[in-house]
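Heads up, upload.pdb below (PDB, C-alpha atoms):
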ATOM      1  CA  MET A  39    -115.534   7.678 113.139  1.00  0.00           C
ATOM      2  CA  THR A  40    -118.728   7.013 111.241  1.00  0.00           C
ATOM      3  CA  ASN A  41    -120.185   8.882 108.326  1.00  0.00           C
ATOM      4  CA  GLY A  42    -122.948   8.789 105.806  1.00  0.00           C
ATOM      5  CA  TYR A  43    -126.224   7.541 107.227  1.00  0.00           C
ATOM      6  CA  ASN A  44    -124.964   7.142 110.817  1.00  0.00           C
ATOM      7  CA  TYR A  45    -123.541  10.624 111.089  1.00  0.00           C
ATOM      8  CA  ASP A  46    -121.345  11.658 114.037  1.00  0.00           C
ATOM      9  CA  GLY A  47    -122.784  15.152 114.285  1.00  0.00           C
ATOM     10  CA  PHE A  48    -126.173  16.558 113.362  1.00  0.00           C
ATOM     11  CA  ASP A  49    -126.633  19.071 110.579  1.00  0.00           C
ATOM     12  CA  ALA A  50    -130.004  20.131 109.180  1.00  0.00           C
ATOM     13  CA  LYS A  51    -128.541  19.467 105.733  1.00  0.00           C
ATOM     14  CA  HIS A  52    -128.708  15.734 106.497  1.00  0.00           C
ATOM     15  CA  TYR A  53    -132.441  16.039 105.825  1.00  0.00           C
ATOM     16  CA  ASP A  54    -134.412  17.278 102.850  1.00  0.00           C
ATOM     17  CA  LEU A  55    -136.582  19.712 104.779  1.00  0.00           C
ATOM     18  CA  ASP A  56    -138.314  20.925 101.622  1.00  0.00           C
ATOM     19  CA  GLN A  57    -139.920  17.609 100.730  1.00  0.00           C
ATOM     20  CA  PHE A  58    -140.912  14.590 102.787  1.00  0.00           C
ATOM     21  CA  ASP A  59    -140.559  11.451 100.660  1.00  0.00           C
ATOM     22  CA  GLY A  60    -142.353   8.981 102.902  1.00  0.00           C
ATOM     23  CA  PRO A  61    -145.129   6.820 101.392  1.00  0.00           C
ATOM     24  CA  ARG A  62    -148.170   8.859 100.484  1.00  0.00           C
ATOM     25  CA  LEU A  63    -151.763   8.311 101.490  1.00  0.00           C
ATOM     26  CA  GLY A  64    -153.192   5.204  99.854  1.00  0.00           C
ATOM     27  CA  GLN A  65    -149.765   3.828  98.998  1.00  0.00           C
ATOM     28  CA  LYS A  66    -148.293   0.582 100.273  1.00  0.00           C
ATOM     29  CA  ALA A  67    -146.120   0.989 103.365  1.00  0.00           C
ATOM     30  CA  PRO A  68    -142.650  -0.571 103.283  1.00  0.00           C
ATOM     31  CA  ASP A  69    -142.579  -4.002 104.876  1.00  0.00           C
ATOM     32  CA  GLY A  70    -139.967  -6.604 105.677  1.00  0.00           C
ATOM     33  CA  HIS A  71    -137.913  -7.986 108.528  1.00  0.00           C
ATOM     34  CA  VAL A  72    -136.543  -5.896 111.356  1.00  0.00           C
ATOM     35  CA  THR A  73    -135.438  -7.074 114.799  1.00  0.00           C
ATOM     36  CA  THR A  74    -136.437  -6.633 118.384  1.00  0.00           C
ATOM     37  CA  PRO A  75    -133.826  -5.026 120.663  1.00  0.00           C
ATOM     38  CA  THR A  76    -132.828  -8.559 121.720  1.00  0.00           C
ATOM     39  CA  GLY A  77    -132.204  -9.625 118.128  1.00  0.00           C
ATOM     40  CA  GLU A  78    -135.354 -11.582 117.352  1.00  0.00           C
ATOM     41  CA  ALA A  79    -136.675 -11.261 113.801  1.00  0.00           C
ATOM     42  CA  ARG A  80    -140.005  -9.524 113.329  1.00  0.00           C
ATOM     43  CA  ARG A  81    -141.990  -8.491 110.294  1.00  0.00           C
ATOM     44  CA  LEU A  82    -142.643  -4.782 110.518  1.00  0.00           C
ATOM     45  CA  LEU A  83    -146.252  -4.877 109.350  1.00  0.00           C
ATOM     46  CA  ASP A  84    -147.225  -8.017 111.243  1.00  0.00           C
ATOM     47  CA  PHE A  85    -149.692  -6.611 113.761  1.00  0.00           C
ATOM     48  CA  ASP A  86    -152.996  -7.227 115.494  1.00  0.00           C
ATOM     49  CA  GLY A  87    -155.984  -4.920 115.385  1.00  0.00           C
ATOM     50  CA  ALA A  88    -157.406  -2.860 112.557  1.00  0.00           C
ATOM     51  CA  PHE A  89    -154.562  -0.329 112.414  1.00  0.00           C
ATOM     52  CA  LEU A  90    -150.890   0.057 113.216  1.00  0.00           C
ATOM     53  CA  VAL A  91    -149.664   3.358 114.645  1.00  0.00           C
ATOM     54  CA  LEU A  92    -145.967   3.462 113.740  1.00  0.00           C
ATOM     55  CA  GLU A  93    -143.753   6.247 115.078  1.00  0.00           C
ATOM     56  CA  LEU A  94    -140.096   6.703 114.167  1.00  0.00           C
ATOM     57  CA  GLY A  95    -137.713   7.837 116.876  1.00  0.00           C
ATOM     58  CA  SER A  96    -134.414   7.636 118.716  1.00  0.00           C
ATOM     59  CA  ILE A  97    -133.068   8.355 122.185  1.00  0.00           C
ATOM     60  CA  THR A  98    -131.418  11.661 121.215  1.00  0.00           C
ATOM     61  CA  CYS A  99    -134.388  13.063 119.282  1.00  0.00           C
ATOM     62  CA  PRO A 100    -135.973  15.869 121.362  1.00  0.00           C
ATOM     63  CA  LEU A 101    -139.144  15.740 119.283  1.00  0.00           C
ATOM     64  CA  PHE A 102    -139.616  12.017 119.847  1.00  0.00           C
ATOM     65  CA  GLN A 103    -138.898  12.336 123.568  1.00  0.00           C
ATOM     66  CA  SER A 104    -141.385  15.214 123.824  1.00  0.00           C
ATOM     67  CA  ARG A 105    -144.085  13.160 122.093  1.00  0.00           C
ATOM     68  CA  ARG A 106    -143.763  10.035 124.225  1.00  0.00           C
ATOM     69  CA  PRO A 107    -146.247  11.006 126.975  1.00  0.00           C
ATOM     70  CA  GLY A 108    -148.892  11.923 124.419  1.00  0.00           C
ATOM     71  CA  MET A 109    -148.337   8.741 122.445  1.00  0.00           C
ATOM     72  CA  ALA A 110    -148.532   6.685 125.639  1.00  0.00           C
ATOM     73  CA  ARG A 111    -151.951   8.199 126.370  1.00  0.00           C
ATOM     74  CA  LEU A 112    -153.022   7.475 122.817  1.00  0.00           C
ATOM     75  CA  ALA A 113    -151.985   3.815 123.180  1.00  0.00           C
ATOM     76  CA  GLU A 114    -154.012   3.582 126.388  1.00  0.00           C
ATOM     77  CA  GLU A 115    -157.082   5.073 124.722  1.00  0.00           C
ATOM     78  CA  PHE A 116    -156.867   2.720 121.717  1.00  0.00           C
ATOM     79  CA  PRO A 117    -155.683  -0.585 123.252  1.00  0.00           C
ATOM     80  CA  SER A 118    -157.206  -2.727 120.501  1.00  0.00           C
ATOM     81  CA  LEU A 119    -154.803  -1.239 117.946  1.00  0.00           C
ATOM     82  CA  SER A 120    -151.107  -1.924 117.484  1.00  0.00           C
ATOM     83  CA  HIS A 121    -148.628   0.747 118.597  1.00  0.00           C
ATOM     84  CA  LYS A 122    -144.957   0.442 117.612  1.00  0.00           C
ATOM     85  CA  VAL A 123    -141.783   2.494 117.613  1.00  0.00           C
ATOM     86  CA  LEU A 124    -139.267   1.985 114.814  1.00  0.00           C
ATOM     87  CA  TYR A 125    -135.889   2.836 116.330  1.00  0.00           C
ATOM     88  CA  VAL A 126    -133.754   4.558 113.698  1.00  0.00           C
ATOM     89  CA  ARG A 127    -130.410   6.403 113.749  1.00  0.00           C
ATOM     90  CA  GLU A 128    -129.612   8.751 116.599  1.00  0.00           C
ATOM     91  CA  ALA A 129    -130.867  12.168 115.547  1.00  0.00           C
ATOM     92  CA  HIS A 130    -128.442  14.184 117.698  1.00  0.00           C
ATOM     93  CA  PRO A 131    -125.466  11.997 118.591  1.00  0.00           C
ATOM     94  CA  GLY A 132    -122.977  13.228 121.157  1.00  0.00           C
ATOM     95  CA  ALA A 133    -120.034  11.987 123.180  1.00  0.00           C
ATOM     96  CA  VAL A 134    -122.220   9.783 125.433  1.00  0.00           C
ATOM     97  CA  ILE A 135    -124.847   8.501 123.004  1.00  0.00           C
ATOM     98  CA  GLY A 136    -123.089   8.463 119.677  1.00  0.00           C
ATOM     99  CA  ALA A 137    -123.704   7.193 116.176  1.00  0.00           C
ATOM    100  CA  HIS A 138    -124.275   3.471 115.800  1.00  0.00           C
ATOM    101  CA  CYS A 139    -121.171   1.524 114.811  1.00  0.00           C
ATOM    102  CA  ASP A 140    -122.773  -1.900 114.386  1.00  0.00           C
ATOM    103  CA  LEU A 141    -126.158  -3.572 114.621  1.00  0.00           C
ATOM    104  CA  SER A 142    -125.595  -5.057 118.085  1.00  0.00           C
ATOM    105  CA  GLU A 143    -124.884  -1.588 119.471  1.00  0.00           C
ATOM    106  CA  LYS A 144    -128.013  -0.272 117.778  1.00  0.00           C
ATOM    107  CA  GLN A 145    -130.061  -3.085 119.286  1.00  0.00           C
ATOM    108  CA  SER A 146    -128.614  -2.310 122.721  1.00  0.00           C
ATOM    109  CA  ARG A 147    -129.710   1.302 122.353  1.00  0.00           C
ATOM    110  CA  GLY A 148    -133.136   0.072 121.322  1.00  0.00           C
ATOM    111  CA  GLU A 149    -133.251  -1.975 124.508  1.00  0.00           C
ATOM    112  CA  GLU A 150    -132.366   1.136 126.530  1.00  0.00           C
ATOM    113  CA  LEU A 151    -135.351   2.875 124.982  1.00  0.00           C
ATOM    114  CA  ALA A 152    -137.617  -0.094 125.674  1.00  0.00           C
ATOM    115  CA  GLN A 153    -136.483  -0.195 129.312  1.00  0.00           C
ATOM    116  CA  ASP A 154    -136.978   3.559 129.734  1.00  0.00           C
ATOM    117  CA  GLY A 155    -140.711   3.283 130.306  1.00  0.00           C
ATOM    118  CA  GLU A 156    -141.611   2.787 126.641  1.00  0.00           C
ATOM    119  CA  GLY A 157    -144.814   0.766 126.693  1.00  0.00           C
ATOM    120  CA  ARG A 158    -145.049   0.338 122.942  1.00  0.00           C
ATOM    121  CA  GLU A 159    -143.239  -2.409 121.060  1.00  0.00           C
ATOM    122  CA  VAL A 160    -139.796  -1.230 119.966  1.00  0.00           C
ATOM    123  CA  LEU A 161    -138.437  -2.554 116.674  1.00  0.00           C
ATOM    124  CA  VAL A 162    -134.926  -1.839 115.416  1.00  0.00           C
ATOM    125  CA  ASP A 163    -134.108  -0.853 111.836  1.00  0.00           C
ATOM    126  CA  ASP A 164    -130.933  -2.235 110.256  1.00  0.00           C
ATOM    127  CA  LEU A 165    -127.621  -0.404 110.510  1.00  0.00           C
ATOM    128  CA  ASP A 166    -128.030   1.342 107.152  1.00  0.00           C
ATOM    129  CA  GLY A 167    -131.578   2.500 107.864  1.00  0.00           C
ATOM    130  CA  VAL A 168    -133.352   0.678 105.036  1.00  0.00           C
ATOM    131  CA  PHE A 169    -136.815   1.136 106.540  1.00  0.00           C
ATOM    132  CA  HIS A 170    -136.016   4.608 107.807  1.00  0.00           C
ATOM    133  CA  ALA A 171    -135.346   5.579 104.191  1.00  0.00           C
ATOM    134  CA  GLY A 172    -138.457   3.748 103.057  1.00  0.00           C
ATOM    135  CA  PHE A 173    -140.560   5.807 105.456  1.00  0.00           C
ATOM    136  CA  GLY A 174    -139.042   9.110 104.333  1.00  0.00           C
ATOM    137  CA  SER A 175    -135.906   9.405 106.539  1.00  0.00           C
ATOM    138  CA  TYR A 176    -137.324  12.007 108.931  1.00  0.00           C
ATOM    139  CA  PRO A 177    -136.427  11.481 112.619  1.00  0.00           C
ATOM    140  CA  ASN A 178    -139.951  11.606 114.077  1.00  0.00           C
ATOM    141  CA  ALA A 179    -142.496  10.782 111.399  1.00  0.00           C
ATOM    142  CA  VAL A 180    -145.682   8.860 112.221  1.00  0.00           C
ATOM    143  CA  PHE A 181    -147.905   6.634 110.088  1.00  0.00           C
ATOM    144  CA  ILE A 182    -151.232   4.872 110.528  1.00  0.00           C
ATOM    145  CA  ILE A 183    -151.433   1.724 108.401  1.00  0.00           C
ATOM    146  CA  ASN A 184    -154.309  -0.716 107.888  1.00  0.00           C
ATOM    147  CA  GLN A 185    -154.203  -4.501 107.594  1.00  0.00           C
ATOM    148  CA  ASN A 186    -153.923  -4.171 103.808  1.00  0.00           C
ATOM    149  CA  GLY A 187    -150.605  -2.407 104.325  1.00  0.00           C
ATOM    150  CA  CYS A 188    -152.001   0.919 103.094  1.00  0.00           C
ATOM    151  CA  VAL A 189    -151.004   4.266 104.573  1.00  0.00           C
ATOM    152  CA  LEU A 190    -154.148   5.956 105.907  1.00  0.00           C
ATOM    153  CA  TYR A 191    -152.421   8.830 107.683  1.00  0.00           C
ATOM    154  CA  ARG A 192    -148.924  10.234 107.701  1.00  0.00           C
ATOM    155  CA  SER A 193    -147.207  13.184 109.279  1.00  0.00           C
ATOM    156  CA  ALA A 194    -143.613  14.107 108.552  1.00  0.00           C
ATOM    157  CA  TRP A 195    -143.382  15.319 112.160  1.00  0.00           C
ATOM    158  CA  ASN A 196    -145.506  13.597 114.752  1.00  0.00           C
ATOM    159  CA  ASN A 197    -148.121  15.749 116.435  1.00  0.00           C
ATOM    160  CA  PRO A 198    -149.899  13.495 118.984  1.00  0.00           C
ATOM    161  CA  ALA A 199    -153.050  15.625 119.030  1.00  0.00           C
ATOM    162  CA  ALA A 200    -153.360  15.349 115.239  1.00  0.00           C
ATOM    163  CA  THR A 201    -152.561  11.632 115.372  1.00  0.00           C
ATOM    164  CA  HIS A 202    -155.309  11.229 117.954  1.00  0.00           C
ATOM    165  CA  ARG A 203    -157.798  13.051 115.721  1.00  0.00           C
ATOM    166  CA  ALA A 204    -156.833  10.852 112.795  1.00  0.00           C
ATOM    167  CA  LEU A 205    -157.397   7.669 114.810  1.00  0.00           C
ATOM    168  CA  THR A 206    -160.730   8.927 116.111  1.00  0.00           C
ATOM    169  CA  ARG A 207    -161.909   9.532 112.558  1.00  0.00           C
ATOM    170  CA  LEU A 208    -160.660   6.180 111.305  1.00  0.00           C
ATOM    171  CA  MET A 209    -162.306   4.290 114.158  1.00  0.00           C
ATOM    172  CA  ALA A 210    -165.561   6.021 113.191  1.00  0.00           C
ATOM    173  CA  GLY A 211    -165.184   4.775 109.616  1.00  0.00           C
ATOM    174  CA  ARG A 212    -164.093   8.094 108.140  1.00  0.00           C
ATOM    175  CA  PRO A 213    -160.868   9.187 106.384  1.00  0.00           C
ATOM    176  CA  ALA A 214    -158.141  10.351 108.760  1.00  0.00           C
ATOM    177  CA  GLY A 215    -157.592  13.750 107.154  1.00  0.00           C
ATOM    178  CA  GLY A 216    -154.383  15.716 106.645  1.00  0.00           C
ATOM    179  CA  GLU A 217    -151.188  15.643 108.687  1.00  0.00           C
ATOM    180  CA  GLY A 218    -150.618  17.604 111.851  1.00  0.00           C
ATOM    181  CA  LEU A 219    -148.819  20.904 112.117  1.00  0.00           C
ATOM    182  CA  PHE A 220    -145.215  20.888 113.252  1.00  0.00           C
ATOM    183  CA  LYS A 221    -144.811  21.738 116.932  1.00  0.00           C
ATOM    184  CA  PRO A 222    -141.380  22.262 118.505  1.00  0.00           C
ATOM    185  CA  ALA A 223    -140.061  19.980 121.201  1.00  0.00           C
ATOM    186  CA  THR A 224    -140.811  20.902 124.798  1.00  0.00           C
ATOM    187  CA  PRO A 225    -137.816  23.101 125.812  1.00  0.00           C
ATOM    188  CA  VAL A 226    -137.121  21.280 129.095  1.00  0.00           C
ATOM    189  CA  VAL A 227    -137.261  17.889 127.389  1.00  0.00           C
ATOM    190  CA  ALA A 228    -135.099  19.117 124.520  1.00  0.00           C
ATOM    191  CA  LEU A 229    -132.358  20.376 126.828  1.00  0.00           C
ATOM    192  CA  LYS A 230    -132.461  17.210 128.925  1.00  0.00           C
ATOM    193  CA  THR A 231    -132.261  15.024 125.816  1.00  0.00           C
ATOM    194  CA  LEU A 232    -129.339  16.906 124.294  1.00  0.00           C
ATOM    195  CA  HIS A 233    -127.495  16.963 127.624  1.00  0.00           C
ATOM    196  CA  ALA A 234    -127.902  13.198 127.972  1.00  0.00           C
ATOM    197  CA  ALA A 235    -126.488  12.701 124.469  1.00  0.00           C
ATOM    198  CA  GLY A 236    -123.237  14.281 125.590  1.00  0.00           C
ATOM    199  CA  LYS A 237    -120.815  16.892 124.358  1.00  0.00           C
ATOM    200  CA  GLY A 238    -121.419  18.088 120.819  1.00  0.00           C
ATOM    201  CA  ALA A 239    -125.129  17.278 120.584  1.00  0.00           C
ATOM    202  CA  ALA A 240    -126.440  20.626 121.841  1.00  0.00           C
ATOM    203  CA  ALA A 241    -123.914  22.680 119.853  1.00  0.00           C
ATOM    204  CA  ASP A 242    -124.834  20.888 116.610  1.00  0.00           C
ATOM    205  CA  PHE A 243    -128.541  21.351 117.315  1.00  0.00           C
ATOM    206  CA  PHE A 244    -128.389  25.078 118.107  1.00  0.00           C
ATOM    207  CA  ARG A 245    -126.167  25.695 115.089  1.00  0.00           C
ATOM    208  CA  SER A 246    -128.952  24.399 112.856  1.00  0.00           C
ATOM    209  CA  LEU A 247    -131.857  25.826 114.866  1.00  0.00           C
ATOM    210  CA  PRO A 248    -132.566  28.890 112.650  1.00  0.00           C
ATOM    211  CA  ARG A 249    -132.836  26.653 109.574  1.00  0.00           C
ATOM    212  CA  LEU A 250    -135.069  24.192 111.427  1.00  0.00           C
ATOM    213  CA  ILE A 251    -137.408  26.964 112.560  1.00  0.00           C
ATOM    214  CA  TRP A 252    -137.649  28.451 109.074  1.00  0.00           C
ATOM    215  CA  LYS A 253    -138.164  25.165 107.222  1.00  0.00           C
ATOM    216  CA  ASN A 254    -140.496  23.444 109.682  1.00  0.00           C
ATOM    217  CA  LEU A 255    -142.261  25.831 112.006  1.00  0.00           C
ATOM    218  CA  LEU A 256    -142.827  28.495 109.340  1.00  0.00           C
ATOM    219  CA  LEU A 257    -142.688  27.151 105.766  1.00  0.00           C
ATOM    220  CA  ARG A 258    -144.025  23.636 106.376  1.00  0.00           C
ATOM    221  CA  ASN A 259    -146.839  24.782 108.612  1.00  0.00           C
ATOM    222  CA  TRP A 260    -147.821  27.453 106.108  1.00  0.00           C
ATOM    223  CA  ARG A 261    -148.007  24.846 103.323  1.00  0.00           C
ATOM    224  CA  LEU A 262    -150.125  22.552 105.486  1.00  0.00           C
ATOM    225  CA  LEU A 263    -152.532  25.321 106.434  1.00  0.00           C
ATOM    226  CA  TRP A 264    -153.109  26.236 102.787  1.00  0.00           C
ATOM    227  CA  GLY A 265    -152.732  22.829 101.152  1.00  0.00           C
ATOM    228  CA  ARG A 266    -155.239  20.082 100.452  1.00  0.00           C
ATOM    229  CA  THR A 267    -154.841  16.368 101.128  1.00  0.00           C
ATOM    230  CA  ALA A 268    -156.636  13.515  99.406  1.00  0.00           C
ATOM    231  CA  ALA A 269    -158.951  11.503 101.663  1.00  0.00           C
ATOM    232  CA  VAL A 270    -158.303   7.795 102.213  1.00  0.00           C
ATOM    233  CA  GLY A 271    -160.849   5.586 103.965  1.00  0.00           C
ATOM    234  CA  PRO A 272    -159.986   3.082 106.696  1.00  0.00           C
ATOM    235  CA  ASP A 273    -160.543   0.038 104.433  1.00  0.00           C
ATOM    236  CA  ALA A 274    -158.371   1.309 101.582  1.00  0.00           C
ATOM    237  CA  LEU A 275    -156.723  -1.156  99.207  1.00  0.00           C
ATOM    238  CA  CYS A 276    -153.370  -0.410  97.635  1.00  0.00           C
TER     239      CYS A 276
END
Structure rendered as structure tokens:
Amino acid sequence: MTNGYNYDGFDAKHYDLDQFDGPRLGQKAPDGHVTTPTGEARRLLDFDGAFLVLELGSITCPLFQSRRPGMARLAEEFPSLSHKVLYVREAHPGAVIGAHCDLSEKQSRGEELAQDGEGREVLVDDLDGVFHAGFGSYPNAVFIINQNGCVLYRSAWNNPAATHRALTRLMAGRPAGGEGLFKPATPVVALKTLHAAGKGAAADFFRSLPRLIWKNLLLRNWRLLWGRTAAVGPDALC
């Protein structure tokens, strides 16, 4: 059995759904060494192009799996930029795809993701999720970072349409703007993802679903609609 960070069963209480603690706009993004799925060392913020689009995800995350087609189109539209996935803990572990027990198992799961049609570079966080924590610990956050290591755009929950708008603005020399609204996972993809995870994954998810809807779809979106976000230009220093 595992516990703590690599939980065996999902519960919405594993996440602080009232406050996203990822790096704010204009702040320095966490950097350091991660690995490829085959174990090679990589520096997270070592990238080509003006910006890095970094999405957090895992195999059992319905949100991440729902976003993949949109993010693939985005990578095709902006080929001069760097597009990476940081593979973190399994969001909804089950009997088939469970919690990570050691780093080699986590890297193997990262390789499964890379081989499953993922065209972006997949990087694997360490077993204790050091960079996952550094980027706010949410299962499907997204960040746009410039070559100075500054966060130009962030969204606690990735919304590919909003991420696309942010990139379009940045490429035009303008600030990216505020984060995207939360949108639920595509139902068919969600069910397929939870089924693939194995017994326990779907039950844990549906047990927490009312809380997830209230905290994300209603409260968070309401705050975003009425809130204001500071503007950060594409050449920001931090």
**Study point:** Surrounding residues of region 260-271 of chain A excluding itself and chain neighbours under 6 positions, 8 Å, all atoms listed in the file, as a PyMOL selection string
**Key:** chain A and resi 63-64+190+208+211-217+219
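The residue that comes closest to Asn44 (chain A), out of A:Glu78, A:Asp273, A:Asp164, A:Asp242 and on the basis of only C-alpha atoms, is A:Asp164.
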Exercise for review: Would you kindly translate the PyMOL selection byres ((chain A and resi 50) around 12) into the concrete residues it picks from this file, as a PyMOL selection string?
Suggested key: chain A and resi 45+47-49+51-56+129-130+176-177+242-254
Exercise for review: Work out how far apart CA of Ala67 (chain A) and CA of Val160 (chain A) are and give it in Å to one decimal.
Suggested key: 17.9 Å
Point to revise | Proximity to Val189 (chain A) - best of A:Ala79, A:Leu257, A:Ala228, A:Ala274, all atoms listed in the file | key: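 Closest candidate: A:Ala274.
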Review point. Nearest to Trp195 (chain A): which of A:Ala113, A:Cys99, A:Leu141, A:Ile135 is it, counting all atoms listed in the file?
Key: A:Cys99
Point to revise | Length of the CA of Arg81 (chain A) to CA of Asp69 (chain A) vector [Å] | key: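 Computed distance, CA of Arg81 (chain A) to CA of Asp69 (chain A), equals 7.1 Å.
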Point to revise | Within-10 Å shell of (-146.9, 8.6, 123.0) in input frame, all atoms listed in the file, as an MDAnalysis selection string | key: chainID A and resid 93 102:114 121:123 156:158 196:198 201
Kindly export the residues of the current selection with C-alpha atoms, as a PDB file, in the coordinates of the input.
ATOM      1  CA  GLU A  93    -143.753   6.247 115.078  1.00  0.00           C
ATOM      2  CA  PHE A 102    -139.616  12.017 119.847  1.00  0.00           C
ATOM      3  CA  GLN A 103    -138.898  12.336 123.568  1.00  0.00           C
ATOM      4  CA  SER A 104    -141.385  15.214 123.824  1.00  0.00           C
ATOM      5  CA  ARG A 105    -144.085  13.160 122.093  1.00  0.00           C
ATOM      6  CA  ARG A 106    -143.763  10.035 124.225  1.00  0.00           C
ATOM      7  CA  PRO A 107    -146.247  11.006 126.975  1.00  0.00           C
ATOM      8  CA  GLY A 108    -148.892  11.923 124.419  1.00  0.00           C
ATOM      9  CA  MET A 109    -148.337   8.741 122.445  1.00  0.00           C
ATOM     10  CA  ALA A 110    -148.532   6.685 125.639  1.00  0.00           C
ATOM     11  CA  ARG A 111    -151.951   8.199 126.370  1.00  0.00           C
ATOM     12  CA  LEU A 112    -153.022   7.475 122.817  1.00  0.00           C
ATOM     13  CA  ALA A 113    -151.985   3.815 123.180  1.00  0.00           C
ATOM     14  CA  GLU A 114    -154.012   3.582 126.388  1.00  0.00           C
ATOM     15  CA  HIS A 121    -148.628   0.747 118.597  1.00  0.00           C
ATOM     16  CA  LYS A 122    -144.957   0.442 117.612  1.00  0.00           C
ATOM     17  CA  VAL A 123    -141.783   2.494 117.613  1.00  0.00           C
ATOM     18  CA  GLU A 156    -141.611   2.787 126.641  1.00  0.00           C
ATOM     19  CA  GLY A 157    -144.814   0.766 126.693  1.00  0.00           C
ATOM     20  CA  ARG A 158    -145.049   0.338 122.942  1.00  0.00           C
ATOM     21  CA  ASN A 196    -145.506  13.597 114.752  1.00  0.00           C
ATOM     22  CA  ASN A 197    -148.121  15.749 116.435  1.00  0.00           C
ATOM     23  CA  PRO A 198    -149.899  13.495 118.984  1.00  0.00           C
ATOM     24  CA  THR A 201    -152.561  11.632 115.372  1.00  0.00           C
TER      25      THR A 201
END
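Distance annotation: of A:Leu94, A:Val168, A:Leu83, A:Ile182, the residue with the minimal separation from Arg203 (chain A) is A:Ile182; atom set is all atoms listed in the file.
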Practice item. Give me, please, the distance in Å between CA of Val162 (chain A) and CA of Tyr125 (chain A), quoted to one decimal. Key: 4.9 Å
**Study point:** Closest of A:Ala241, A:Leu82, A:Leu256, A:Val126 to His170 (chain A) - atom-to-atom distances counting only C-alpha atoms
**Key:** A:Val126
Review point. Taking (-147.9, -3.5, 105.4) in the file's coordinates, which residues come within 12 Å, counting all atoms listed in the file, written as an MDAnalysis selection string?
Key: chainID A and resid 61 64:71 81:86 88:92 173 181:190 275:276
Check your understanding: How would you write, as a PyMOL selection string, the residues chosen by the PyMOL selection byres ((chain A and resi 74) around 9) on this structure?
Key -> chain A and resi 72-73+75-80+145+148-149+159-162
So that all listed atoms of region 103-121 of chain A fit with 5 Å spare on each side, what axis-aligned box centre and edge lengths in Å, to one decimal, would you give as AutoDock Vina command-line options?
--center_x -148.1 --center_y 6.2 --center_z 122.2 --size_x 28.3 --size_y 27.9 --size_z 19.5
Exercise for review: Show which residues sit within 7 Å of Gly87 (chain A), as a list in words. Count only C-alpha atoms, and ignore same-chain residues fewer than 5 positions away.
Suggested key: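 Final neighbour list, sorted by chain and number: Ser118, Leu119 and Ser120 of chain A.
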Limited to C-alpha atoms, could you put the picked residues into a file as a PDB file, in the coordinates of the input?
ATOM      1  CA  SER A 118    -157.206  -2.727 120.501  1.00  0.00           C
ATOM      2  CA  LEU A 119    -154.803  -1.239 117.946  1.00  0.00           C
ATOM      3  CA  SER A 120    -151.107  -1.924 117.484  1.00  0.00           C
TER       4      SER A 120
END
